[in-house]
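J.: Structure incoming, see below.
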Amino acid sequence: CLKIRRRNMIRVTGNNSLLMSSLNTDTDNDTKVVDLLKKSSETEKSSKITGKKSEEYDSVKKSASSLKASAAVLSETGEDSIFAKAEESGDYSDLISLIERFTGDYNSLLESLSDLDTDKSANYSKELKSIISGQSEALQKVGITVDSNGKLVIDEVTLKNADKKELKDLFQGENSVAGKVADKSIYIGANAAADQYVDSCANYTAGGTSAEYVQMANLIGSYLDSLS
């Protein structure tokens with residue numbers, strides 16, 4: 001599972017595939033990024049992004065942010081986690097509500113990726129679905145199943161009566177379903193921000209200026225900052 005943090009490695013995918021080794025904006029790093037990109041085709045161009053396509057990118061970013069938020073809270077560990085509070089009080093209603101929100105956010109991101117309708121968005125959907133499919137039996141036991149479109153469906157009665165340890169094993173911790181989905185949603189949202197920038201540049205080529213890549217880095221950085 002790829003984690004994305006500012007100043008760490010991040011894959012940026014547009015009509016040109018490129019790898020930004022850092023989100024730093026100093027001159028040396030700018031030069032490295034430009035040199036790397038110039039190895040790609042100098043003639044590859046992207047068309048001006050349409051208003052509708054821009055809205056679809058925005059939808060993916062928004063949905064990814066919402067999913068990251070609910071998944072991060074759900075997977076949190078420690079004495080202030082939602083699981084710890086539920087265990088202490090004996091009231092699991094907030095936890096159940098958060099799981100329901102998580103499934104809704106997950107479904108919304110799948111829908112946004114489908115509306116974007118690119119090869120990359122299709123791959124992101126597959127990556128999300130693979131996280132769920134890896135725990136499909138355990139999820140079904142607590143009342144969460146997958147429909148024919150890959151979206152999550154909740155049986156509220158089964159979920160409310162589910163074994164609390166099974167819920168904790170499924171959703172708490174960075175290696176849980178929620179933890180892996182949280183990381184994947186950050187990756188998806190950041191790449192959507194980069195793709196939106198690339199597609200919005202008329203006659204964008206791999207030989208673009210250093211300033212263009214700094215602008216892209218700042219855009220991705222702003223998106224990641226908005227998640228904190």
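Identifiers in the structure tokens: chain A, B, ... in order shown; residue index from 1 per chain; ligand index from 1 in order shown.
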List the neighbours of region 138-140 of chain A out to 10 Å using only C-alpha atoms; skip same-chain residues closer than 4 positions along the sequence, and give me the result as a list in words.
T.: Ile132, Ser133, Gly134, Ile144, Thr145, Val146, Leu152, Val153, Ile154, Asp155, Thr158, Leu159, Glu166, Leu167, Asp169, Leu170, Phe171 and Val177 of chain A
J.: Please provide as a count of residues only all residues within 9 Å of region 96-108 of chain A, with the sequence filter that same-chain residues fewer than 6 positions apart are discarded (counting only C-alpha atoms).
T.: 25
J.: Within 10 Å of region 184-196 of chain A, which residues of region 71-164 of chain A come that close, and what is the closest atom pair and distance in Å for each? Count only C-alpha atoms and give it as a Markdown table.
T.:
```
| residue | atom | partner | partner_atom | distance |
| --- | --- | --- | --- | --- |
| A:Ala71 | CA | A:Ser185 | CA | 9.1 |
| A:Tyr106 | CA | A:Ser185 | CA | 9.1 |
| A:Leu109 | CA | A:Ser185 | CA | 8.5 |
| A:Leu113 | CA | A:Ile188 | CA | 9.4 |
| A:Leu116 | CA | A:Ala192 | CA | 9.9 |
| A:Lys120 | CA | A:Asn191 | CA | 9.4 |
| A:Ser121 | CA | A:Ile188 | CA | 8.4 |
| A:Tyr124 | CA | A:Ile188 | CA | 6.8 |
| A:Ser125 | CA | A:Ile188 | CA | 9.5 |
| A:Glu127 | CA | A:Lys184 | CA | 8.0 |
| A:Leu128 | CA | A:Lys184 | CA | 7.1 |
| A:Ile131 | CA | A:Lys184 | CA | 9.3 |
```
J.: Please produce a file of the residues just selected, as a CSV table (one decimal), in the first residue's frame, where the atoms kept are N, CA, C and O atoms.
T.:
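Result file is part.csv:
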```
chain,number,residue,atom,x,y,z
A,71,ALA,N,-12.3,7.2,7.2
A,71,ALA,CA,-11.5,6.0,7.3
A,71,ALA,C,-10.4,6.2,8.4
A,71,ALA,O,-10.0,5.3,9.2
A,106,TYR,N,-17.0,5.5,0.8
A,106,TYR,CA,-16.4,4.6,-0.1
A,106,TYR,C,-17.2,4.5,-1.4
A,106,TYR,O,-16.6,4.6,-2.5
A,109,LEU,N,-16.8,7.6,-3.6
A,109,LEU,CA,-15.6,7.7,-4.3
A,109,LEU,C,-15.6,6.7,-5.6
A,109,LEU,O,-15.1,7.1,-6.6
A,113,LEU,N,-15.1,8.1,-9.4
A,113,LEU,CA,-14.1,7.5,-10.3
A,113,LEU,C,-14.7,6.9,-11.5
A,113,LEU,O,-14.1,7.1,-12.6
A,116,LEU,N,-15.5,9.9,-13.8
A,116,LEU,CA,-14.3,10.4,-14.5
A,116,LEU,C,-13.9,9.6,-15.7
A,116,LEU,O,-13.5,10.2,-16.7
A,120,LYS,N,-6.9,5.4,-15.6
A,120,LYS,CA,-6.3,5.5,-14.3
A,120,LYS,C,-7.4,5.4,-13.2
A,120,LYS,O,-7.3,4.7,-12.2
A,121,SER,N,-8.6,6.1,-13.4
A,121,SER,CA,-9.6,6.0,-12.5
A,121,SER,C,-10.2,4.6,-12.3
A,121,SER,O,-10.6,4.1,-11.3
A,124,TYR,N,-7.8,2.8,-10.1
A,124,TYR,CA,-8.0,3.2,-8.7
A,124,TYR,C,-9.2,2.4,-8.1
A,124,TYR,O,-9.1,2.0,-7.0
A,125,SER,N,-10.2,2.3,-8.9
A,125,SER,CA,-11.4,1.6,-8.4
A,125,SER,C,-11.1,0.1,-8.1
A,125,SER,O,-11.5,-0.4,-7.1
A,127,GLU,N,-8.1,-1.0,-7.3
A,127,GLU,CA,-7.3,-1.0,-6.1
A,127,GLU,C,-8.1,-0.9,-4.8
A,127,GLU,O,-7.9,-1.6,-3.8
A,128,LEU,N,-9.1,-0.1,-4.8
A,128,LEU,CA,-10.0,0.0,-3.7
A,128,LEU,C,-10.8,-1.3,-3.5
A,128,LEU,O,-10.9,-1.8,-2.4
A,131,ILE,N,-8.9,-4.1,-1.8
A,131,ILE,CA,-8.8,-4.0,-0.3
A,131,ILE,C,-10.0,-4.7,0.3
A,131,ILE,O,-9.9,-5.4,1.3
```
J.: Would you mind reading off the distance between CA of Gln215 (chain A) and CA of Ser114 (chain A), one decimal, in Å?
T.: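 CA of Ser114 (chain A) lies at a distance of 27.6 Å from CA of Gln215 (chain A).
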J.: Tell me, in Å to one decimal, how far CA of Ser222 (chain A) is from CA of Tyr197 (chain A).
T.: 12.8 Å
J.: Just checking: using only C-alpha atoms, which residue out of A:Asn149, A:Ala86, A:Ala182, A:Val142 ends up closest to Asp163 (chain A)?
T.: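 Of the candidates, the smallest distance to Asp163 (chain A) is held by A:Val142.
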J.: Please, what distance in Å, to one decimal, runs between CA of Lys53 (chain A) and CA of Thr118 (chain A)?
T.: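 Computed distance, CA of Lys53 (chain A) to CA of Thr118 (chain A), equals 10.5 Å.
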J.: Of the candidates A:Glu79, A:Val157, A:Lys180, A:Lys164, which shows the shortest atom-to-atom distance to Asp91 (chain A), using only C-alpha atoms?
T.: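 Among A:Glu79, A:Val157, A:Lys180, A:Lys164, it is A:Lys164 that comes nearest to Asp91 (chain A).
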